[in-house]
file model30.txt (compact mmCIF, C-alpha atoms and all ligand atoms)
# COMPACT_ATOMS: atom_id res chain seq x y z
CA MET A 1 0.00 0.00 0.00
CA VAL A 2 0.96 3.63 -0.36
CA ASN A 3 1.76 3.93 3.32
CA THR A 4 4.57 1.41 3.14
CA CYS A 5 6.28 2.73 0.02
CA PRO A 6 9.69 4.38 0.26
CA HIS A 7 8.79 6.64 -2.58
CA LEU A 8 5.85 7.26 -4.76
CA ILE A 9 5.27 8.11 -8.32
CA ALA A 10 2.26 9.75 -9.70
CA GLU A 11 1.36 9.88 -13.29
CA PHE A 12 -1.27 11.82 -15.06
CA PHE A 13 -2.23 12.51 -18.59
CA HIS A 14 -3.77 15.87 -19.00
CA LYS A 15 -4.89 15.18 -22.51
CA ALA A 16 -6.72 11.98 -21.91
CA PRO A 17 -10.45 12.30 -21.28
CA THR A 18 -10.16 10.26 -18.11
CA ASN A 19 -7.50 12.41 -16.51
CA THR A 20 -7.25 12.04 -12.82
CA LEU A 21 -4.69 12.96 -10.22
CA GLY A 22 -4.65 11.84 -6.66
CA GLY A 23 -3.17 9.65 -4.07
CA SER A 24 -5.47 6.93 -2.97
CA ARG A 25 -3.73 4.09 -4.70
CA ILE A 26 -0.39 3.77 -6.50
CA HIS A 27 -0.12 1.19 -9.25
CA TYR A 28 3.40 0.03 -9.96
CA PRO A 29 4.32 -1.25 -13.39
CA ASN A 30 4.08 -4.89 -14.29
CA GLY A 31 2.22 -5.74 -11.16
CA ILE A 32 5.18 -5.17 -8.81
CA PRO A 33 3.77 -5.74 -5.35
CA ASP A 34 4.05 -2.69 -3.13
CA ASN A 35 6.32 -4.40 -0.67
CA ASP A 36 8.82 -5.22 -3.44
CA VAL A 37 9.37 -1.59 -4.33
CA GLN A 38 13.01 -0.62 -3.95
CA PRO A 39 14.08 2.62 -2.26
CA ASN A 40 15.57 5.31 -4.48
CA LYS A 41 14.62 3.61 -7.66
CA PRO A 42 12.24 5.46 -9.94
CA TYR A 43 9.11 3.70 -11.06
CA VAL A 44 6.59 5.03 -13.44
CA CYS A 45 3.29 4.33 -11.83
CA SER A 46 -0.21 5.50 -12.02
CA ILE A 47 -2.29 6.85 -9.24
CA GLN A 48 -5.83 5.70 -9.20
CA THR A 49 -8.09 8.21 -7.65
CA LYS A 50 -11.67 9.09 -7.49
CA GLN A 51 -11.30 12.02 -5.19
CA PHE A 52 -9.64 14.71 -7.23
CA PRO A 53 -11.01 16.69 -10.12
CA ARG A 54 -9.83 15.78 -13.54
CA VAL A 55 -6.53 17.46 -14.40
CA THR A 56 -6.50 19.55 -17.49
CA SER A 57 -4.69 22.67 -18.43
CA GLN A 58 -7.88 24.57 -17.62
CA ASN A 59 -8.68 23.22 -14.23
CA LEU A 60 -5.09 23.64 -13.08
CA HIS A 61 -5.46 27.34 -13.56
CA PRO A 62 -6.26 29.23 -10.35
CA SER A 63 -9.28 30.90 -11.85
CA SER A 64 -10.76 27.66 -13.08
CA SER A 65 -13.96 26.50 -11.53
CA ALA A 66 -12.56 23.01 -11.09
CA THR A 67 -10.10 24.27 -8.51
CA LYS A 68 -13.00 25.65 -6.55
CA GLN A 69 -14.71 22.31 -6.38
CA LYS A 70 -15.30 21.03 -2.93
CA PRO A 71 -12.83 18.31 -2.07
CA SER A 72 -14.12 14.93 -1.31
CA LYS A 73 -14.21 14.11 2.35
CA ASN A 74 -11.24 11.77 1.86
CA ILE A 75 -8.69 14.41 1.01
CA ALA A 76 -7.03 17.00 3.15
CA ALA A 77 -7.29 19.93 0.79
CA PRO A 78 -8.71 20.72 -2.60
CA PHE A 79 -6.47 19.81 -5.43
CA PRO A 80 -4.03 22.61 -6.12
CA PRO A 81 -5.78 25.90 -6.11
CA VAL A 82 -2.44 27.58 -6.63
CA VAL A 83 -0.85 26.02 -9.67
CA PRO A 84 -0.47 28.63 -12.37
CA ASN A 85 -1.18 28.10 -16.01
CA PHE A 86 -0.08 24.61 -16.69
CA THR A 87 0.27 23.40 -20.20
CA PHE A 88 2.70 20.52 -20.29
CA PRO A 89 2.30 18.85 -23.59
CA ILE A 90 1.45 15.23 -23.09
CA CYS A 91 2.05 13.26 -19.97
CA ILE A 92 3.91 13.74 -16.76
CA TYR A 93 5.35 11.38 -14.24
CA ILE A 94 6.08 12.80 -10.86
CA ARG A 95 8.38 10.93 -8.60
CA LEU A 96 7.84 11.71 -4.96
CA PHE A 97 10.35 10.51 -2.44
CA ASP A 98 10.01 9.74 1.17
CA THR A 99 6.71 8.32 1.80
CA LEU A 100 3.09 8.49 1.83
CA ARG A 101 2.89 11.95 3.22
CA MET A 102 3.74 13.32 -0.17
CA ALA A 103 1.10 11.43 -1.96
CA SER A 104 -1.52 11.78 0.66
CA SER A 105 -1.10 15.51 0.99
CA SER A 106 -2.32 17.44 -1.97
CA ARG A 107 -0.56 20.51 -0.57
CA VAL A 108 2.82 18.83 -1.02
CA PHE A 109 1.71 17.61 -4.35
CA SER A 110 0.76 21.08 -5.44
CA SER A 111 4.06 22.54 -4.31
CA TYR A 112 5.79 19.97 -6.49
CA LEU A 113 3.61 21.00 -9.33
CA ARG A 114 4.51 24.62 -8.76
CA THR A 115 8.18 23.73 -9.16
CA LEU A 116 7.27 21.86 -12.24
CA CYS A 117 5.48 24.84 -13.69
CA SER A 118 8.68 26.88 -13.66
CA LEU A 119 10.26 24.50 -16.15
CA PRO A 120 11.04 25.40 -19.69
CA PHE A 121 9.17 23.42 -22.36
CA ARG A 122 5.88 23.98 -20.64
CA ARG A 123 4.39 25.62 -23.63
CA SER A 124 3.53 23.59 -26.64
CA SER A 125 5.67 24.58 -29.55
CA PRO A 126 6.20 23.31 -33.05
CA GLY A 127 8.22 20.15 -32.95
CA ILE A 128 7.27 19.40 -29.38
CA PRO A 129 8.07 15.82 -28.61
CA LEU A 130 5.29 13.33 -28.61
CA SER A 131 5.50 12.62 -24.94
CA SER A 132 7.19 14.06 -21.95
CA SER A 133 7.74 13.04 -18.41
CA PHE A 134 8.96 14.83 -15.39
CA PHE A 135 10.69 13.52 -12.31
CA ILE A 136 11.30 15.42 -9.15
CA GLY A 137 13.66 14.05 -6.56
CA LYS A 138 14.24 14.70 -2.92
CA SER A 139 16.45 17.71 -3.35
CA GLY A 140 14.09 19.54 -5.60
CA PHE A 141 16.31 18.56 -8.47
CA GLY A 142 14.22 17.24 -11.27
CA SER A 143 14.36 16.11 -14.79
CA LEU A 144 12.15 16.34 -17.79
CA ARG A 145 12.25 13.49 -20.22
CA LEU A 146 11.04 14.26 -23.69
CA THR A 147 10.52 11.50 -26.16
CA SER A 148 9.76 11.72 -29.81
CA ASN A 149 9.48 9.00 -32.36
CA LEU A 150 12.75 10.18 -33.85
CA ARG A 151 14.96 10.40 -30.83
CA LYS A 152 15.04 10.75 -27.10
CA PHE A 153 16.04 13.65 -24.91
CA GLU A 154 16.39 13.57 -21.22
CA CYS A 155 16.34 16.90 -19.45
CA ARG A 156 17.43 17.49 -15.90
CA THR A 157 16.46 20.71 -14.31
CA ARG A 158 17.09 22.94 -11.35
CA ALA A 159 14.78 25.93 -11.14
CA SER A 160 14.35 27.06 -14.72
CA MET A 161 17.18 25.17 -16.31
CA ALA A 162 16.66 21.97 -18.20
CA GLU A 163 19.43 19.67 -19.18
CA ILE A 164 19.01 17.70 -22.35
CA ILE A 165 21.08 14.57 -22.46
CA THR A 166 21.93 13.90 -26.07
CA PRO A 167 24.06 11.15 -27.56
CA LYS A 168 27.51 11.46 -25.96
CA SER A 169 29.08 12.87 -29.09
CA LYS A 170 26.73 15.85 -28.98
CA GLY A 171 27.68 16.86 -25.47
CA LYS A 172 25.78 18.07 -22.49
CA VAL A 173 23.01 20.52 -23.28
CA GLN A 174 21.55 22.97 -20.79
CA VAL A 175 18.60 25.17 -21.63
CA PHE A 176 17.79 28.24 -19.56
CA ASP A 177 14.52 30.06 -19.35
CA ALA A 178 16.32 33.38 -19.28
CA GLU A 179 19.67 34.55 -20.60
CA ASP A 180 20.44 35.93 -17.14
CA GLU A 181 20.30 32.44 -15.69
CA LEU A 182 22.49 31.19 -18.49
CA ALA A 183 25.05 33.86 -17.56
CA VAL A 184 25.06 32.80 -13.90
CA SER A 185 25.52 29.16 -14.82
CA LEU A 186 28.30 29.99 -17.27
CA ALA A 187 30.07 32.04 -14.60
CA LYS A 188 29.90 29.13 -12.17
CA TYR A 189 31.04 26.63 -14.77
CA THR A 190 34.00 28.82 -15.75
CA ALA A 191 34.97 29.63 -12.17
CA ASP A 192 34.80 25.95 -11.19
CA LEU A 193 37.05 24.93 -14.06
CA ALA A 194 39.45 27.80 -13.35
CA ASN A 195 39.72 26.62 -9.76
CA LYS A 196 40.14 23.00 -10.75
CA PHE A 197 42.98 23.73 -13.18
CA SER A 198 44.62 26.36 -10.95
CA LYS A 199 44.72 23.79 -8.17
CA GLU A 200 45.91 20.93 -10.35
CA LYS A 201 48.58 22.70 -12.39
CA ASP A 202 48.85 26.19 -10.97
CA SER A 203 47.50 27.84 -14.13
CA PHE A 204 44.36 28.07 -16.19
CA THR A 205 44.40 28.61 -19.96
CA VAL A 206 41.13 29.91 -21.32
CA VAL A 207 40.20 30.91 -24.85
CA LEU A 208 37.61 33.60 -25.55
CA SER A 209 35.42 34.18 -28.56
CA GLY A 210 34.11 37.58 -29.57
CA GLY A 211 30.52 38.56 -30.13
CA SER A 212 27.78 37.85 -27.63
CA LEU A 213 29.92 35.46 -25.59
CA ILE A 214 31.51 38.36 -23.76
CA LYS A 215 28.14 39.64 -22.64
CA SER A 216 27.26 36.16 -21.43
CA LEU A 217 30.41 36.19 -19.28
CA ARG A 218 29.29 39.29 -17.39
CA LYS A 219 28.38 37.46 -14.17
CA LEU A 220 31.93 36.19 -13.82
CA VAL A 221 33.12 39.73 -13.11
CA GLU A 222 30.51 40.24 -10.41
CA PRO A 223 30.35 38.89 -6.86
CA PRO A 224 30.42 36.13 -5.82
CA PHE A 225 32.28 34.76 -8.84
CA ILE A 226 34.83 37.53 -9.23
CA ASP A 227 36.11 36.80 -5.73
CA SER A 228 36.01 33.04 -6.13
CA VAL A 229 38.93 32.64 -8.52
CA ASP A 230 42.62 33.44 -8.45
CA TRP A 231 42.93 35.64 -11.51
CA SER A 232 46.72 35.57 -11.40
CA LYS A 233 46.56 31.96 -12.63
CA TRP A 234 44.58 32.87 -15.73
CA HIS A 235 46.09 32.96 -19.22
CA VAL A 236 43.68 34.39 -21.77
CA PHE A 237 43.67 33.74 -25.53
CA TRP A 238 41.35 34.39 -28.46
CA VAL A 239 39.84 31.73 -30.67
CA ASP A 240 39.49 34.35 -33.39
CA GLU A 241 40.11 37.98 -34.10
CA ARG A 242 39.19 40.44 -36.78
CA VAL A 243 42.05 42.15 -38.63
CA VAL A 244 41.40 45.61 -37.23
CA PRO A 245 43.19 47.79 -34.69
CA LYS A 246 42.77 46.75 -31.06
CA ASP A 247 40.75 49.84 -30.29
CA HIS A 248 38.33 49.28 -33.17
CA PRO A 249 34.72 48.46 -32.23
CA ASN A 250 34.98 45.28 -34.36
CA SER A 251 37.97 44.00 -32.43
CA ASN A 252 37.27 40.95 -30.29
CA TYR A 253 40.08 42.07 -27.99
CA PHE A 254 38.49 45.52 -27.59
CA LEU A 255 35.16 43.95 -26.66
CA ALA A 256 36.73 41.56 -24.18
CA TYR A 257 38.89 44.28 -22.70
CA ASN A 258 36.00 46.68 -22.14
CA ASP A 259 33.50 44.22 -20.73
CA PHE A 260 35.66 41.58 -19.09
CA LEU A 261 39.43 42.01 -18.80
CA SER A 262 39.36 45.58 -17.54
CA LYS A 263 37.22 44.39 -14.63
CA ILE A 264 39.49 41.65 -13.32
CA PRO A 265 42.94 41.74 -11.70
CA ILE A 266 44.63 39.61 -14.35
CA PRO A 267 48.35 40.24 -14.96
CA SER A 268 48.64 42.02 -18.31
CA GLY A 269 51.38 39.58 -19.36
CA ASN A 270 48.84 36.75 -19.17
CA VAL A 271 46.63 38.28 -21.85
CA TYR A 272 47.72 37.04 -25.28
CA ALA A 273 46.08 39.26 -27.88
CA ILE A 274 46.52 38.71 -31.59
CA ASN A 275 48.97 41.22 -33.07
CA ASP A 276 47.01 44.01 -34.71
CA ALA A 277 50.06 45.59 -36.33
CA LEU A 278 50.40 42.74 -38.84
CA ALA A 279 48.53 41.72 -41.97
CA ALA A 280 46.27 38.65 -41.77
CA GLU A 281 48.75 35.85 -42.66
CA ALA A 282 51.54 37.36 -40.62
CA ALA A 283 49.27 37.84 -37.62
CA ALA A 284 48.11 34.20 -37.82
CA ASP A 285 51.73 32.96 -38.04
CA ASP A 286 52.74 35.26 -35.22
CA TYR A 287 49.99 33.93 -32.98
CA GLU A 288 50.88 30.33 -33.82
CA THR A 289 54.52 31.07 -32.95
CA CYS A 290 53.42 32.61 -29.68
CA LEU A 291 51.35 29.50 -28.85
CA LYS A 292 54.28 27.21 -29.71
CA HIS A 293 56.47 29.16 -27.37
CA LEU A 294 53.91 28.86 -24.59
CA VAL A 295 53.59 25.11 -25.19
CA LYS A 296 57.37 24.81 -24.88
CA SER A 297 57.37 26.76 -21.67
CA LYS A 298 54.52 24.54 -20.43
CA ILE A 299 52.02 27.35 -20.00
CA ILE A 300 49.81 25.64 -22.58
CA ASP A 301 49.40 21.86 -22.54
CA GLN A 302 49.86 19.83 -25.68
CA SER A 303 47.84 16.88 -26.88
CA GLU A 304 50.03 13.80 -26.75
CA ILE A 305 47.96 12.25 -29.49
CA THR A 306 47.70 15.05 -32.03
CA GLY A 307 50.43 17.48 -30.97
CA PHE A 308 47.97 20.35 -31.08
CA PRO A 309 47.86 22.81 -28.19
CA LYS A 310 45.39 21.90 -25.53
CA PHE A 311 43.68 24.80 -23.78
CA ASP A 312 41.94 24.05 -20.51
CA LEU A 313 38.72 25.71 -21.59
CA ILE A 314 37.49 27.15 -24.87
CA LEU A 315 34.48 29.44 -24.65
CA LEU A 316 32.82 29.36 -28.05
CA GLY A 317 30.03 31.47 -29.43
CA MET A 318 28.12 30.43 -32.53
CA GLY A 319 26.77 32.64 -35.31
CA PRO A 320 23.25 32.21 -36.72
CA ASP A 321 24.80 30.40 -39.70
CA GLY A 322 26.49 27.85 -37.43
CA HIS A 323 29.97 29.37 -37.63
CA VAL A 324 32.31 29.10 -34.70
CA ALA A 325 35.50 31.13 -34.28
CA SER A 326 36.01 32.48 -37.83
CA LEU A 327 35.29 29.13 -39.43
CA PHE A 328 32.30 29.58 -41.70
CA PRO A 329 30.00 27.03 -43.33
CA SER A 330 31.29 25.55 -46.59
CA HIS A 331 34.56 27.47 -46.35
CA PRO A 332 37.69 25.39 -47.04
CA LEU A 333 39.26 26.62 -43.78
CA VAL A 334 37.06 24.22 -41.84
CA HIS A 335 39.23 21.43 -43.26
CA GLU A 336 42.55 22.94 -42.24
CA ASN A 337 44.21 20.20 -40.23
CA THR A 338 47.87 21.17 -40.04
CA LYS A 339 48.02 24.77 -38.93
CA TRP A 340 47.16 25.86 -35.42
CA VAL A 341 46.11 29.35 -36.46
CA THR A 342 44.88 30.40 -39.87
CA CYS A 343 43.40 33.42 -41.58
CA ILE A 344 40.42 34.13 -43.78
CA LYS A 345 40.24 37.01 -46.23
CA ASP A 346 36.76 36.47 -47.60
CA SER A 347 34.71 36.19 -44.45
CA PRO A 348 30.98 36.11 -45.20
CA LYS A 349 30.51 38.18 -42.06
CA PRO A 350 32.35 41.49 -41.92
CA PRO A 351 35.10 42.34 -41.49
CA LEU A 352 36.46 40.32 -44.40
CA GLU A 353 39.82 39.51 -42.86
CA ARG A 354 40.09 37.47 -39.71
CA ILE A 355 42.44 35.21 -37.79
CA SER A 356 41.13 31.95 -36.38
CA PHE A 357 42.13 28.83 -34.48
CA THR A 358 41.67 25.75 -36.60
CA LEU A 359 39.29 22.93 -35.68
CA PRO A 360 42.01 20.50 -34.52
CA VAL A 361 43.10 23.08 -31.93
CA ILE A 362 39.54 23.62 -30.78
CA ASN A 363 38.94 19.88 -30.62
CA ALA A 364 42.06 19.24 -28.55
CA SER A 365 40.51 21.04 -25.59
CA PRO A 366 39.25 18.97 -22.65
CA TYR A 367 36.42 21.45 -22.03
CA ILE A 368 34.44 23.46 -24.53
CA ALA A 369 31.47 25.64 -23.67
CA LEU A 370 29.17 26.48 -26.56
CA VAL A 371 27.24 29.54 -25.51
CA VAL A 372 24.28 30.31 -27.73
CA ALA A 373 21.40 32.68 -27.13
CA GLY A 374 18.65 34.07 -29.32
CA ALA A 375 16.03 32.86 -31.76
CA SER A 376 18.21 33.66 -34.78
CA LYS A 377 20.39 30.70 -33.81
CA ALA A 378 17.62 28.15 -33.33
CA ASN A 379 18.00 26.58 -36.78
CA SER A 380 21.70 25.97 -36.37
CA VAL A 381 21.18 24.65 -32.86
CA HIS A 382 18.63 22.28 -34.28
CA ALA A 383 21.03 21.21 -37.03
CA ALA A 384 23.69 20.51 -34.43
CA LEU A 385 21.58 18.87 -31.75
CA GLY A 386 18.42 17.81 -33.46
CA PRO A 387 17.72 14.40 -34.89
CA GLY A 388 19.18 13.03 -38.04
CA PRO A 389 22.29 13.76 -40.03
CA SER A 390 22.48 16.92 -42.08
CA SER A 391 23.95 16.87 -45.55
CA ASP A 392 26.16 19.90 -45.10
CA MET A 393 28.06 19.89 -41.81
CA LEU A 394 28.08 23.25 -40.12
CA PRO A 395 31.31 24.25 -38.40
CA VAL A 396 29.57 23.97 -35.04
CA GLN A 397 28.87 20.34 -35.83
CA MET A 398 32.57 19.79 -36.35
CA VAL A 399 33.27 20.76 -32.78
CA SER A 400 33.79 17.28 -31.54
CA PRO A 401 36.55 17.05 -28.99
CA ASP A 402 37.71 14.09 -26.96
CA GLY A 403 36.80 16.25 -24.01
CA VAL A 404 33.44 17.55 -22.86
CA VAL A 405 31.24 19.97 -24.79
CA THR A 406 28.69 21.79 -22.67
CA TRP A 407 26.01 23.78 -24.42
CA PHE A 408 24.54 26.81 -22.69
CA LEU A 409 21.35 27.67 -24.55
CA ASP A 410 18.59 30.08 -23.78
CA LYS A 411 15.08 28.90 -24.55
CA GLU A 412 14.90 30.91 -27.78
CA ALA A 413 18.02 29.24 -29.14
CA ALA A 414 16.62 25.86 -28.06
CA SER A 415 13.14 26.55 -29.40
CA LYS A 416 13.47 24.18 -32.37
CA LEU A 417 14.79 21.24 -30.43
O1 LIG A 501 32.17 36.95 -35.78
C1 LIG A 501 32.09 36.26 -34.78
O2 LIG A 501 30.93 35.61 -34.53
C2 LIG A 501 30.85 34.56 -33.58
C3 LIG A 501 29.41 34.55 -33.09
O3 LIG A 501 29.11 35.83 -32.59
P1 LIG A 501 27.72 36.14 -31.87
O4 LIG A 501 27.74 37.62 -31.60
O5 LIG A 501 26.64 35.74 -32.81
O6 LIG A 501 27.71 35.33 -30.62
C4 LIG A 501 31.83 34.72 -32.45
O7 LIG A 501 31.81 33.59 -31.64
C5 LIG A 501 33.20 34.96 -33.02
O8 LIG A 501 34.17 35.04 -32.01
C6 LIG A 501 33.16 36.27 -33.77
O9 LIG A 501 34.40 36.65 -34.31

call {"tool": "encode", "arguments": {"input": "model30.txt", "output": "structure tokens"}}
result
Amino acid sequence: MVNTCPHLIAEFFHKAPTNTLGGSRIHYPNGIPDNDVQPNKPYVCSIQTKQFPRVTSQNLHPSSSATKQKPSKNIAAPFPPVVPNFTFPICIYIRLFDTLRMASSSRVFSSYLRTLCSLPFRRSSPGIPLSSSFFIGKSGFGSLRLTSNLRKFECRTRASMAEIITPKSKGKVQVFDAEDELAVSLAKYTADLANKFSKEKDSFTVVLSGGSLIKSLRKLVEPPFIDSVDWSKWHVFWVDERVVPKDHPNSNYFLAYNDFLSKIPIPSGNVYAINDALAAEAAADDYETCLKHLVKSKIIDQSEITGFPKFDLILLGMGPDGHVASLFPSHPLVHENTKWVTCIKDSPKPPLERISFTLPVINASPYIALVVAGASKANSVHAALGPGPSSDMLPVQMVSPDGVVTWFLDKEAASKL
């Protein structure tokens, strides 16, 4: 019986005409007897109830008349009068830990549902998976599992972040309801890695992109993160640069200096800008020489397998067309596999001339963050993370390191997943 269960799982289908939600009886799958239920193991069960009103997106709304129904005499409180607009697409499984009290109290149940309502993906959108399920554990940490007939996602969430677990090769994908939350998470991720590497090898080599990435790093230069790292251990590089003077508004260095570097106590000798006094090829060669020197002096690690430099962390942005660094779709530079640093003189995005790390350098990194926000990038995010192969590989799809790729997406960028 419910009362003897170490944890409970409720399931409801808000689309089905017989929707119910309640706690009078838990049915475990495949006829598992209640006393065989293992602690801390999730089961997808159904709750059979006659007491609660049917659950639909309407009657979960506070103003709905269903929420004002009188509860049956068997339940402690009316079924959630407080759950805001609730429009999960198909079906939801709620795992409740720690006993009967959770199932037997609709107040607890409704507080779980409130947490659930703050999740992304709660609105139906084109391409919404055919079914979804949601698990909430003891700590308030939950996950949303979305299943389509093409592929499976599993999302884990804390507050308004969902994590989509894709095939390993595609990396770890986090989706944030708001860009501000993305920025906090990125700051924590970066600070944690900086501390890990500073502790392990007394230095931290990090590579910046230009563009919107710098804005997304803004929380790192605010408390508590700014005080949580030893900036003297940092060595900062650029994955790409535009061939313009360092004080030009198009310069990636200029952007990073204004919004990031000028706000942190990093030794100026640890900031390795691309030489703006040289023409494109010379600047690329000069940067490669600089990197080789730093590999020799053991500031930068080197991949034992490929010989390419191995930066501790590469922070990558992605353009709406799926470009990363200054490696653009269908451009021959994406196939450069000898040089460490190269240049492009016909960039489809201005300015025409740019310097860029090559893909083997990017892919040598043990940690890559792909930071992508905004609806304009949703198609490329879908090409990279969505189901099925695409005929023309975007540069972002060629980011495939031996290490870990972590995607930081806002919900607009993830809207086509
Ligand atoms: O031109 C560039 O574009 C990409 C993406 O920029 P975003 O503003 O769309 O995020 C950027 O990552 C790269 O460093 C930059 O040179």

call {"tool": "atom_distance", "arguments": {"input": "model30.txt", "atom1": "CA of Val404 (chain A)", "atom2": "CA of Ile226 (chain A)"}}
result
24.2 Å

call {"tool": "atom_distance", "arguments": {"input": "model30.txt", "atom1": "CA of Ala183 (chain A)", "atom2": "atom O3 of ligand LIG 501 (chain A)"}}
result
15.7 Å

call {"tool": "residues_near_ligand", "arguments": {"input": "model30.txt", "ligand": "ligand LIG 501 (chain A)", "cutoff": "9 Å", "atoms": "all atoms listed in the file", "output": "PyMOL selection string"}}
result
chain A and resi 208-214+238-242+250-252+315-327+349-351+354-356+371-374+376-377

call {"tool": "residues_around", "arguments": {"input": "model30.txt", "residues": "Asp312 (chain A)", "least_positions_apart": "4", "cutoff": "10 Å", "atoms": "all atoms listed in the file", "output": "list in words"}}
result
Leu193, Ala194, Lys196, Phe197, Ser203, Phe204, Thr205, Val206, Val207, His235, Ile300, Asp301, Ala364, Ser365, Pro366, Tyr367, Ile368 and Gly403 of chain A

call {"tool": "residues_around", "arguments": {"input": "model30.txt", "residues": "Ile362 (chain A)", "least_positions_apart": "5", "cutoff": "8 Å", "atoms": "all atoms listed in the file", "output": "list of chain:residue names"}}
result
A:Ile314, A:Phe357, A:Val399, A:Pro401

call {"tool": "decode", "arguments": {"input": "model30.txt", "residues": "region 338-344 of chain A", "atoms": "all heavy atoms", "output": "PDB file, in the first residue's frame"}}
result
ATOM      1  N   THR A 338      46.443  21.137 -40.380  1.00  0.00           N
ATOM      2  CA  THR A 338      47.867  21.168 -40.039  1.00  0.00           C
ATOM      3  C   THR A 338      48.188  22.381 -39.178  1.00  0.00           C
ATOM      4  O   THR A 338      48.832  22.267 -38.138  1.00  0.00           O
ATOM      5  CB  THR A 338      48.720  21.248 -41.338  1.00  0.00           C
ATOM      6  OG1 THR A 338      48.185  20.348 -42.282  1.00  0.00           O
ATOM      7  CG2 THR A 338      50.163  20.911 -41.056  1.00  0.00           C
ATOM      8  N   LYS A 339      47.710  23.523 -39.656  1.00  0.00           N
ATOM      9  CA  LYS A 339      48.018  24.772 -38.928  1.00  0.00           C
ATOM     10  C   LYS A 339      47.277  24.829 -37.602  1.00  0.00           C
ATOM     11  O   LYS A 339      46.199  24.255 -37.461  1.00  0.00           O
ATOM     12  CB  LYS A 339      47.605  25.970 -39.774  1.00  0.00           C
ATOM     13  CG  LYS A 339      48.458  26.179 -40.993  1.00  0.00           C
ATOM     14  CD  LYS A 339      48.002  27.435 -41.707  1.00  0.00           C
ATOM     15  CE  LYS A 339      48.954  27.778 -42.836  1.00  0.00           C
ATOM     16  NZ  LYS A 339      48.462  28.864 -43.659  1.00  0.00           N
ATOM     17  N   TRP A 340      47.847  25.593 -36.685  1.00  0.00           N
ATOM     18  CA  TRP A 340      47.157  25.857 -35.424  1.00  0.00           C
ATOM     19  C   TRP A 340      46.261  27.098 -35.564  1.00  0.00           C
ATOM     20  O   TRP A 340      45.164  27.150 -35.030  1.00  0.00           O
ATOM     21  CB  TRP A 340      48.162  26.122 -34.300  1.00  0.00           C
ATOM     22  CG  TRP A 340      49.019  24.941 -33.930  1.00  0.00           C
ATOM     23  CD1 TRP A 340      49.127  23.750 -34.604  1.00  0.00           C
ATOM     24  CD2 TRP A 340      49.885  24.858 -32.804  1.00  0.00           C
ATOM     25  NE1 TRP A 340      50.005  22.925 -33.954  1.00  0.00           N
ATOM     26  CE2 TRP A 340      50.498  23.581 -32.842  1.00  0.00           C
ATOM     27  CE3 TRP A 340      50.236  25.725 -31.775  1.00  0.00           C
ATOM     28  CZ2 TRP A 340      51.419  23.159 -31.888  1.00  0.00           C
ATOM     29  CZ3 TRP A 340      51.147  25.306 -30.827  1.00  0.00           C
ATOM     30  CH2 TRP A 340      51.727  24.035 -30.881  1.00  0.00           C
ATOM     31  N   VAL A 341      46.837  28.080 -36.289  1.00  0.00           N
ATOM     32  CA  VAL A 341      46.113  29.350 -36.465  1.00  0.00           C
ATOM     33  C   VAL A 341      46.098  29.660 -37.955  1.00  0.00           C
ATOM     34  O   VAL A 341      47.102  29.480 -38.638  1.00  0.00           O
ATOM     35  CB  VAL A 341      46.814  30.497 -35.704  1.00  0.00           C
ATOM     36  CG1 VAL A 341      45.987  31.770 -35.779  1.00  0.00           C
ATOM     37  CG2 VAL A 341      47.057  30.121 -34.239  1.00  0.00           C
ATOM     38  N   THR A 342      44.975  30.108 -38.435  1.00  0.00           N
ATOM     39  CA  THR A 342      44.877  30.395 -39.866  1.00  0.00           C
ATOM     40  C   THR A 342      44.210  31.751 -40.074  1.00  0.00           C
ATOM     41  O   THR A 342      43.828  32.418 -39.106  1.00  0.00           O
ATOM     42  CB  THR A 342      44.101  29.256 -40.574  1.00  0.00           C
ATOM     43  OG1 THR A 342      44.160  29.462 -41.975  1.00  0.00           O
ATOM     44  CG2 THR A 342      42.649  29.209 -40.131  1.00  0.00           C
ATOM     45  N   CYS A 343      44.096  32.158 -41.333  1.00  0.00           N
ATOM     46  CA  CYS A 343      43.399  33.425 -41.580  1.00  0.00           C
ATOM     47  C   CYS A 343      42.413  33.274 -42.734  1.00  0.00           C
ATOM     48  O   CYS A 343      42.545  32.387 -43.577  1.00  0.00           O
ATOM     49  CB  CYS A 343      44.377  34.565 -41.856  1.00  0.00           C
ATOM     50  SG  CYS A 343      45.214  34.432 -43.424  1.00  0.00           S
ATOM     51  N   ILE A 344      41.428  34.112 -42.722  1.00  0.00           N
ATOM     52  CA  ILE A 344      40.422  34.127 -43.783  1.00  0.00           C
ATOM     53  C   ILE A 344      40.381  35.554 -44.317  1.00  0.00           C
ATOM     54  O   ILE A 344      40.470  36.516 -43.546  1.00  0.00           O
ATOM     55  CB  ILE A 344      39.047  33.663 -43.249  1.00  0.00           C
ATOM     56  CG1 ILE A 344      37.970  33.752 -44.321  1.00  0.00           C
ATOM     57  CG2 ILE A 344      38.601  34.434 -42.016  1.00  0.00           C
ATOM     58  CD1 ILE A 344      36.640  33.104 -43.919  1.00  0.00           C
TER      59      ILE A 344
END
